[in-house]
Amino acid sequence: MKNYEVTIMSDKRVLSGKPSVDRPWMQYYPDMLMQMIKEPNCTINEYLRNCCPGMDVDAIHYYGENISWKTVFEQADKTARALKAIGFGEGDQIPVYLRLVPEFLYLLLGAEKIGASVLCRDNTVEENVEAARKAKAKVIIAHDFMSNKEMHEFLDNSEVEKIVLLSPVHSGSRDEMPAHVQACLNDCYPSKCAAGSAVVTWDEFISQGETYTGTVEAPADINRPLFRAYTSGSTGPSKQVIHSAETMLGIICQMNFYGGAEEFRPNWMVTCLPPALVAVVVSMVLLPLSSNKLLIMDPFCYPEDVDLELMRYKANNWPIIPMFIENVMRNGRIPDDYDMSHLLAAGPGCEACNNIQLENMEKFLHAHNCNIRVTTGYGSSEAGSTFSLPMAPKPIRDGNVGIPMPLSVVSVFKPGTQEELTYNQLGEICKTGPGNMLGYDNPEATAKALQKHEDGNIWLHTGDLGYMDEDGVMYVLNRGYAPRYGGGDLAVLPMENRVANARIEGIDDEFFVLIDDEDHPGYYVPYLYVVLEEGYSIDSIRDKVDACLDEYMRPADIIQLDKRPFFHFKTNRIGLIRELKEESAS
């Protein structure tokens, strides 16, 4: 493990002006913690076995059923044999279109054993078929609620010949599902499900492995591609991100202390979120499993019902992305006297929150006896999910996302260059160290994102804009450089915070969307979307909005919505941009 100590002289840190050299964030990591954090040099199977608290201990709870660690490893072995029997081998890509069910974990561990990689995509049918076609896969794995039409899309437009179909309750009990969960599951089923000679049930798939007599395990290689996932496409074109056991464990080993408790074994609930997201697999599945927490898989829950599941399981750790916590606060189903002190950690990730959103979360949690500090996280699929940790005692406001993780080196560079900037200068956030992806499936895109710098290290160029202060605290302000014609750089979060901090009467929620300036290529125009309280109109807030913004920040238009729209668990800015462009074209 590298030593990232900061030079101390006369009780004052001596800074060179380059964050990558000074690493001022290390002042917040106790020596005892650093002695515990070591980058693993093993497979994920080996890591989980090393972290396993006992074979008879429950690893997963899934709709009324507890799954022991012994069962996890046994099922992973059976799945590996089945994958070999059905035709997968070393270097192959295994397209998996599943929700977060126990069998997904078995497939991931089984793929590692045979030297293959799991490929996930959760977009349109056409895009999912494209992923299988690019993988040249002859077999895919999906749920038994795949429609007959979807099945033929794969059979007719790719090399797929067989489809392994898994029941969502193969490892759970439908009878143990509450009514709202059963309703969600029932809605997944079309009028005509996939059937025919191309279909193989999960039990038939596993049975094939039981009679397989060939070699199952490939030579261990922690740098081999293991997990491939497409970005959601919520902020731009979807790209396939490739990770290995080493890149995933490089993140997990730095976070194992998160959300722990000394008095009892905490649980960790994951609602709705699919394993097609890198953050889900790394930070929401493998992390709790490797840090002695009971993982509660709860994939068949409508996003609007997460409040019911929070109360049902009394979750100790729950990834409360902004979409989820907004639903909890607005549904009105959490009783005023409900005690939420069972939550050990509360940190919205997925997308940036403005100051009012954070303030509302804190007020809600504190009103329900949950007095923990609300924090924000930052990361990306390319970085292995998590980038930062909330270790610094500074207000979580104005884009503060915490400090770099202890084995990572983060700095800010002049956009489009390798010129490192100093503290409090706005630039592109870049990272080197454990967790960075192997690359995309596109070599040109990989070369742009992963660049070798003069220090000899490979740096991930995120495209995100922000800055770092002298204490190593990161502030993320915008995705990409967005100049406005006539002068001024448009950074969405600072603009939203200007409006939020003005506390304009009548505004319940607000966010900005940037679109291309059709009259001036290379420049952008801001639009402000607002959710207004009853009795207020756009005209009643317009002047106050303009007054709190610099001239270049002022929106070309203010558009009222009934509620904030979401796509793939993030604010649906890309959909709104499409609507704006269509209106402009018409």
# chains A, B, ... in the order shown; residues from 1 in each chain; ligands from 1
$ residues_around --residues "Ser411 of chain A" --least-positions-apart "6" --cutoff "7 Å" --atoms "only C-alpha atoms" --output "ChimeraX atom specification"
/A:19-20,429-431
$ residues_around --residues "Ala142 of chain A" --least-positions-apart "3" --cutoff "7 Å" --atoms "only C-alpha atoms" --output "ChimeraX atom specification"
/A:96-98,146,164-166
$ residues_around --residues "Tyr527 of chain A" --least-positions-apart "4" --cutoff "9 Å" --atoms "only C-alpha atoms" --output "ChimeraX atom specification"
/A:511-515,554-559
$ select_by_dssp --residues "segment 22-236 of chain A" --states "strand (DSSP E or B)" --output "MDAnalysis selection string"
chainID A and resid 58:62 65:68 93:97 117:120 139:143 147 162:166 193 199:201 225:230
$ select_by_dssp --residues "segment 42-233 of chain A" --states "helix (DSSP H, G or I)" --output "PyMOL selection string"
chain A and resi 44-51+69-86+102-114+125-135+148-157+174-176+179-187+202-210
$ residues_around --residues "segment 208-216 of chain A" --least-positions-apart "2" --cutoff "9 Å" --atoms "only C-alpha atoms" --output "number ranges by chain"
A: 78-86, 89, 113-114, 203-206, 218
$ write_last_selection --atoms "C-alpha atoms" --output "PDB file, in the first residue's frame"
ATOM      1  CA  LYS A  78     -23.232 -25.132  -9.864  1.00  0.00           C
ATOM      2  CA  THR A  79     -23.748 -22.081 -12.026  1.00  0.00           C
ATOM      3  CA  ALA A  80     -20.148 -22.179 -13.254  1.00  0.00           C
ATOM      4  CA  ARG A  81     -20.603 -25.813 -14.357  1.00  0.00           C
ATOM      5  CA  ALA A  82     -23.884 -24.943 -16.049  1.00  0.00           C
ATOM      6  CA  LEU A  83     -22.292 -22.047 -17.934  1.00  0.00           C
ATOM      7  CA  LYS A  84     -19.619 -24.373 -19.268  1.00  0.00           C
ATOM      8  CA  ALA A  85     -22.168 -27.027 -20.174  1.00  0.00           C
ATOM      9  CA  ILE A  86     -24.285 -24.611 -22.187  1.00  0.00           C
ATOM     10  CA  GLY A  89     -15.870 -20.481 -21.912  1.00  0.00           C
ATOM     11  CA  LYS A 113     -14.560 -19.200 -12.267  1.00  0.00           C
ATOM     12  CA  ILE A 114     -14.774 -20.057 -15.966  1.00  0.00           C
ATOM     13  CA  ASP A 203     -33.531 -25.640 -13.440  1.00  0.00           C
ATOM     14  CA  GLU A 204     -32.814 -27.263 -16.813  1.00  0.00           C
ATOM     15  CA  PHE A 205     -29.778 -25.016 -17.175  1.00  0.00           C
ATOM     16  CA  ILE A 206     -28.422 -26.050 -13.765  1.00  0.00           C
ATOM     17  CA  ALA A 218     -10.020 -21.259 -15.974  1.00  0.00           C
TER      18      ALA A 218
END
$ residues_around --residues "segment 368-371 of chain A" --least-positions-apart "3" --cutoff "10 Å" --atoms "only C-alpha atoms" --output "list of chain:residue names"
A:Ile334, A:Pro335, A:Asp336, A:Asp337, A:Tyr338, A:Asp339, A:Met340, A:Ser341, A:His342, A:Leu343, A:Leu344, A:Ala345, A:Ala346, A:Glu362, A:Lys363, A:Phe364, A:Leu365, A:Val374
$ write_last_selection --atoms "C-alpha atoms" --output "PDB file, in the first residue's frame"
ATOM      1  CA  ILE A 334     -44.318   7.686   7.004  1.00  0.00           C
ATOM      2  CA  PRO A 335     -46.147   8.430  10.283  1.00  0.00           C
ATOM      3  CA  ASP A 336     -45.073  11.564  12.123  1.00  0.00           C
ATOM      4  CA  ASP A 337     -44.021   9.451  15.113  1.00  0.00           C
ATOM      5  CA  TYR A 338     -42.181   6.810  13.067  1.00  0.00           C
ATOM      6  CA  ASP A 339     -38.653   6.315  14.430  1.00  0.00           C
ATOM      7  CA  MET A 340     -36.070   6.196  11.637  1.00  0.00           C
ATOM      8  CA  SER A 341     -33.099   5.829  13.968  1.00  0.00           C
ATOM      9  CA  HIS A 342     -32.540   2.363  12.495  1.00  0.00           C
ATOM     10  CA  LEU A 343     -30.761   4.116   9.580  1.00  0.00           C
ATOM     11  CA  LEU A 344     -27.011   4.174  10.180  1.00  0.00           C
ATOM     12  CA  ALA A 345     -26.047   6.107   7.068  1.00  0.00           C
ATOM     13  CA  ALA A 346     -27.845   8.503   4.750  1.00  0.00           C
ATOM     14  CA  GLU A 362     -32.024  16.539   6.801  1.00  0.00           C
ATOM     15  CA  LYS A 363     -35.185  18.099   8.228  1.00  0.00           C
ATOM     16  CA  PHE A 364     -37.218  15.014   7.369  1.00  0.00           C
ATOM     17  CA  LEU A 365     -34.748  12.562   8.868  1.00  0.00           C
ATOM     18  CA  VAL A 374     -26.707  13.555   5.530  1.00  0.00           C
TER      19      VAL A 374
END
$ residues_around --residues "segment 377-382 of chain A" --least-positions-apart "6" --cutoff "8 Å" --atoms "only C-alpha atoms" --output "JSON, numbers by chain"
{"A": [231, 241, 277, 278, 279, 347, 348, 349, 350, 388, 389, 390, 401, 402, 436, 437, 439, 460]}
$ write_last_selection --atoms "C-alpha atoms" --output "mmCIF file, in the first residue's frame"
data_model
loop_
_atom_site.group_PDB
_atom_site.id
_atom_site.type_symbol
_atom_site.label_atom_id
_atom_site.label_comp_id
_atom_site.auth_asym_id
_atom_site.auth_seq_id
_atom_site.Cartn_x
_atom_site.Cartn_y
_atom_site.Cartn_z
ATOM 1 C CA THR A 231 -24.080 3.475 -18.817
ATOM 2 C CA VAL A 241 -17.817 0.049 -19.302
ATOM 3 C CA LEU A 277 -25.421 -0.394 -12.973
ATOM 4 C CA VAL A 278 -21.774 -0.618 -11.867
ATOM 5 C CA ALA A 279 -22.547 1.190 -8.612
ATOM 6 C CA GLY A 347 -26.113 9.676 1.634
ATOM 7 C CA PRO A 348 -27.839 10.422 -1.665
ATOM 8 C CA GLY A 349 -25.775 9.477 -4.699
ATOM 9 C CA CYS A 350 -26.653 8.913 -8.361
ATOM 10 C CA SER A 388 -15.200 9.970 -2.603
ATOM 11 C CA LEU A 389 -16.058 9.549 1.078
ATOM 12 C CA PRO A 390 -17.646 12.081 3.472
ATOM 13 C CA VAL A 401 -18.983 15.534 -2.333
ATOM 14 C CA GLY A 402 -16.336 14.736 0.273
ATOM 15 C CA ASN A 436 -10.641 2.780 -12.733
ATOM 16 C CA MET A 437 -12.234 0.729 -15.493
ATOM 17 C CA GLY A 439 -11.840 0.685 -20.627
ATOM 18 C CA LEU A 460 -9.379 8.751 -15.755
#
$ residues_around --residues "segment 309-318 of chain A" --least-positions-apart "2" --cutoff "10 Å" --atoms "only C-alpha atoms" --output "JSON, numbers by chain"
{"A": [178, 180, 181, 258, 259, 260, 261, 265, 266, 267, 268, 269, 270, 271, 284, 288, 293, 294, 295, 296, 298, 301, 302, 305, 306, 307, 320, 321, 324, 328, 334, 338, 339, 340, 341, 342, 343, 344, 345, 346, 347, 348]}
$ write_last_selection --atoms "N, CA and C atoms" --output "compact mmCIF listing (two decimals), in the first residue's frame"
# COMPACT_ATOMS: atom_id res chain seq x y z
N PRO A 178 -45.37 -8.73 0.24
CA PRO A 178 -46.57 -7.93 0.52
C PRO A 178 -47.30 -7.60 -0.77
N HIS A 180 -48.10 -4.89 -2.34
CA HIS A 180 -47.54 -3.92 -3.29
C HIS A 180 -46.37 -4.49 -4.06
N VAL A 181 -45.62 -5.43 -3.46
CA VAL A 181 -44.52 -6.08 -4.17
C VAL A 181 -45.07 -7.08 -5.18
N TYR A 258 -17.76 1.32 5.87
CA TYR A 258 -18.92 2.20 5.73
C TYR A 258 -20.19 1.50 6.21
N GLY A 259 -20.96 2.20 7.02
CA GLY A 259 -22.27 1.69 7.46
C GLY A 259 -22.20 0.54 8.43
N GLY A 260 -21.09 0.38 9.15
CA GLY A 260 -20.95 -0.71 10.10
C GLY A 260 -21.50 -0.36 11.48
N ALA A 261 -21.55 -1.36 12.34
CA ALA A 261 -21.99 -1.17 13.73
C ALA A 261 -21.31 -2.20 14.60
N ARG A 265 -25.15 -6.85 13.90
CA ARG A 265 -24.83 -7.02 12.48
C ARG A 265 -25.86 -6.27 11.65
N PRO A 266 -25.45 -5.21 10.95
CA PRO A 266 -26.42 -4.40 10.21
C PRO A 266 -26.96 -5.13 8.98
N ASN A 267 -28.14 -4.70 8.55
CA ASN A 267 -28.62 -5.15 7.24
C ASN A 267 -28.39 -4.04 6.22
N TRP A 268 -28.52 -4.41 4.97
CA TRP A 268 -28.27 -3.47 3.86
C TRP A 268 -29.31 -3.77 2.79
N MET A 269 -30.24 -2.87 2.58
CA MET A 269 -31.35 -3.10 1.66
C MET A 269 -31.11 -2.39 0.33
N VAL A 270 -31.37 -3.11 -0.77
CA VAL A 270 -31.29 -2.51 -2.10
C VAL A 270 -32.66 -2.66 -2.74
N THR A 271 -33.33 -1.54 -3.00
CA THR A 271 -34.65 -1.55 -3.63
C THR A 271 -34.55 -1.11 -5.08
N MET A 284 -23.23 -1.67 -3.78
CA MET A 284 -24.48 -2.02 -3.11
C MET A 284 -24.69 -3.52 -2.95
N PRO A 288 -21.54 -4.69 0.82
CA PRO A 288 -22.13 -5.21 2.05
C PRO A 288 -21.83 -6.68 2.28
N LYS A 293 -22.49 -7.70 6.39
CA LYS A 293 -23.84 -7.16 6.51
C LYS A 293 -24.80 -8.12 5.81
N LEU A 294 -26.02 -8.19 6.32
CA LEU A 294 -27.04 -9.00 5.66
C LEU A 294 -27.60 -8.21 4.49
N LEU A 295 -27.44 -8.73 3.28
CA LEU A 295 -27.90 -8.05 2.08
C LEU A 295 -29.37 -8.41 1.82
N ILE A 296 -30.22 -7.40 1.84
CA ILE A 296 -31.64 -7.59 1.53
C ILE A 296 -31.87 -7.18 0.08
N ASP A 298 -34.34 -6.52 -2.85
CA ASP A 298 -35.75 -6.14 -2.95
C ASP A 298 -36.00 -5.51 -4.31
N CYS A 301 -40.07 -3.76 -6.38
CA CYS A 301 -40.71 -2.74 -5.57
C CYS A 301 -40.83 -1.50 -6.45
N TYR A 302 -42.05 -1.00 -6.61
CA TYR A 302 -42.20 0.25 -7.35
C TYR A 302 -41.41 1.35 -6.64
N ASP A 305 -43.05 2.99 -3.83
CA ASP A 305 -43.34 2.21 -2.62
C ASP A 305 -42.11 1.94 -1.75
N VAL A 306 -41.03 2.65 -2.02
CA VAL A 306 -39.83 2.39 -1.23
C VAL A 306 -40.01 2.75 0.24
N ASP A 307 -40.94 3.68 0.52
CA ASP A 307 -41.19 4.02 1.92
C ASP A 307 -41.76 2.83 2.69
N ILE A 320 -30.13 5.76 -0.56
CA ILE A 320 -31.27 6.66 -0.74
C ILE A 320 -30.98 7.68 -1.84
N ILE A 321 -30.98 7.21 -3.08
CA ILE A 321 -30.79 8.13 -4.19
C ILE A 321 -31.89 9.20 -4.14
N PHE A 324 -35.51 8.24 -4.59
CA PHE A 324 -36.14 7.46 -3.52
C PHE A 324 -36.54 8.33 -2.33
N VAL A 328 -40.18 9.13 -0.52
CA VAL A 328 -40.45 8.90 0.90
C VAL A 328 -41.03 10.15 1.55
N ILE A 334 -45.13 7.88 5.81
CA ILE A 334 -44.32 7.69 7.00
C ILE A 334 -45.00 8.43 8.16
N TYR A 338 -43.00 7.96 13.45
CA TYR A 338 -42.18 6.81 13.07
C TYR A 338 -40.71 7.10 13.38
N ASP A 339 -40.05 6.16 14.01
CA ASP A 339 -38.65 6.31 14.43
C ASP A 339 -37.73 5.74 13.35
N MET A 340 -36.99 6.62 12.70
CA MET A 340 -36.07 6.20 11.64
C MET A 340 -34.64 6.05 12.13
N SER A 341 -34.46 5.94 13.43
CA SER A 341 -33.10 5.83 13.97
C SER A 341 -32.43 4.52 13.58
N HIS A 342 -33.17 3.61 12.96
CA HIS A 342 -32.54 2.36 12.49
C HIS A 342 -31.58 2.63 11.34
N LEU A 343 -31.70 3.78 10.66
CA LEU A 343 -30.76 4.12 9.58
C LEU A 343 -29.42 4.53 10.16
N LEU A 344 -28.36 3.87 9.71
CA LEU A 344 -27.01 4.17 10.18
C LEU A 344 -26.29 5.15 9.27
N ALA A 345 -26.72 5.24 8.03
CA ALA A 345 -26.05 6.11 7.07
C ALA A 345 -27.08 6.64 6.10
N ALA A 346 -26.93 7.88 5.70
CA ALA A 346 -27.84 8.50 4.75
C ALA A 346 -27.04 9.37 3.81
N GLY A 347 -26.89 8.90 2.59
CA GLY A 347 -26.11 9.68 1.63
C GLY A 347 -26.66 9.51 0.24
N PRO A 348 -27.33 10.53 -0.31
CA PRO A 348 -27.84 10.42 -1.66
C PRO A 348 -26.72 10.47 -2.70
$ atom_distance --atom1 "atom CA of Phe569 of chain A" --atom2 "atom CA of Pro322 of chain A"
8.4 Å
$ closest_residue --among "A:Glu583, A:Glu153, A:Asp455, A:Glu304" --to "Val409 of chain A" --atoms "only C-alpha atoms"
A:Asp455
$ atom_distance --atom1 "atom CA of Pro395 of chain A" --atom2 "atom CA of Phe257 of chain A"
21.9 Å
$ closest_residue --among "A:Glu126, A:Asp398, A:Glu103, A:Glu326" --to "Lys563 of chain A" --atoms "only C-alpha atoms"
A:Glu326
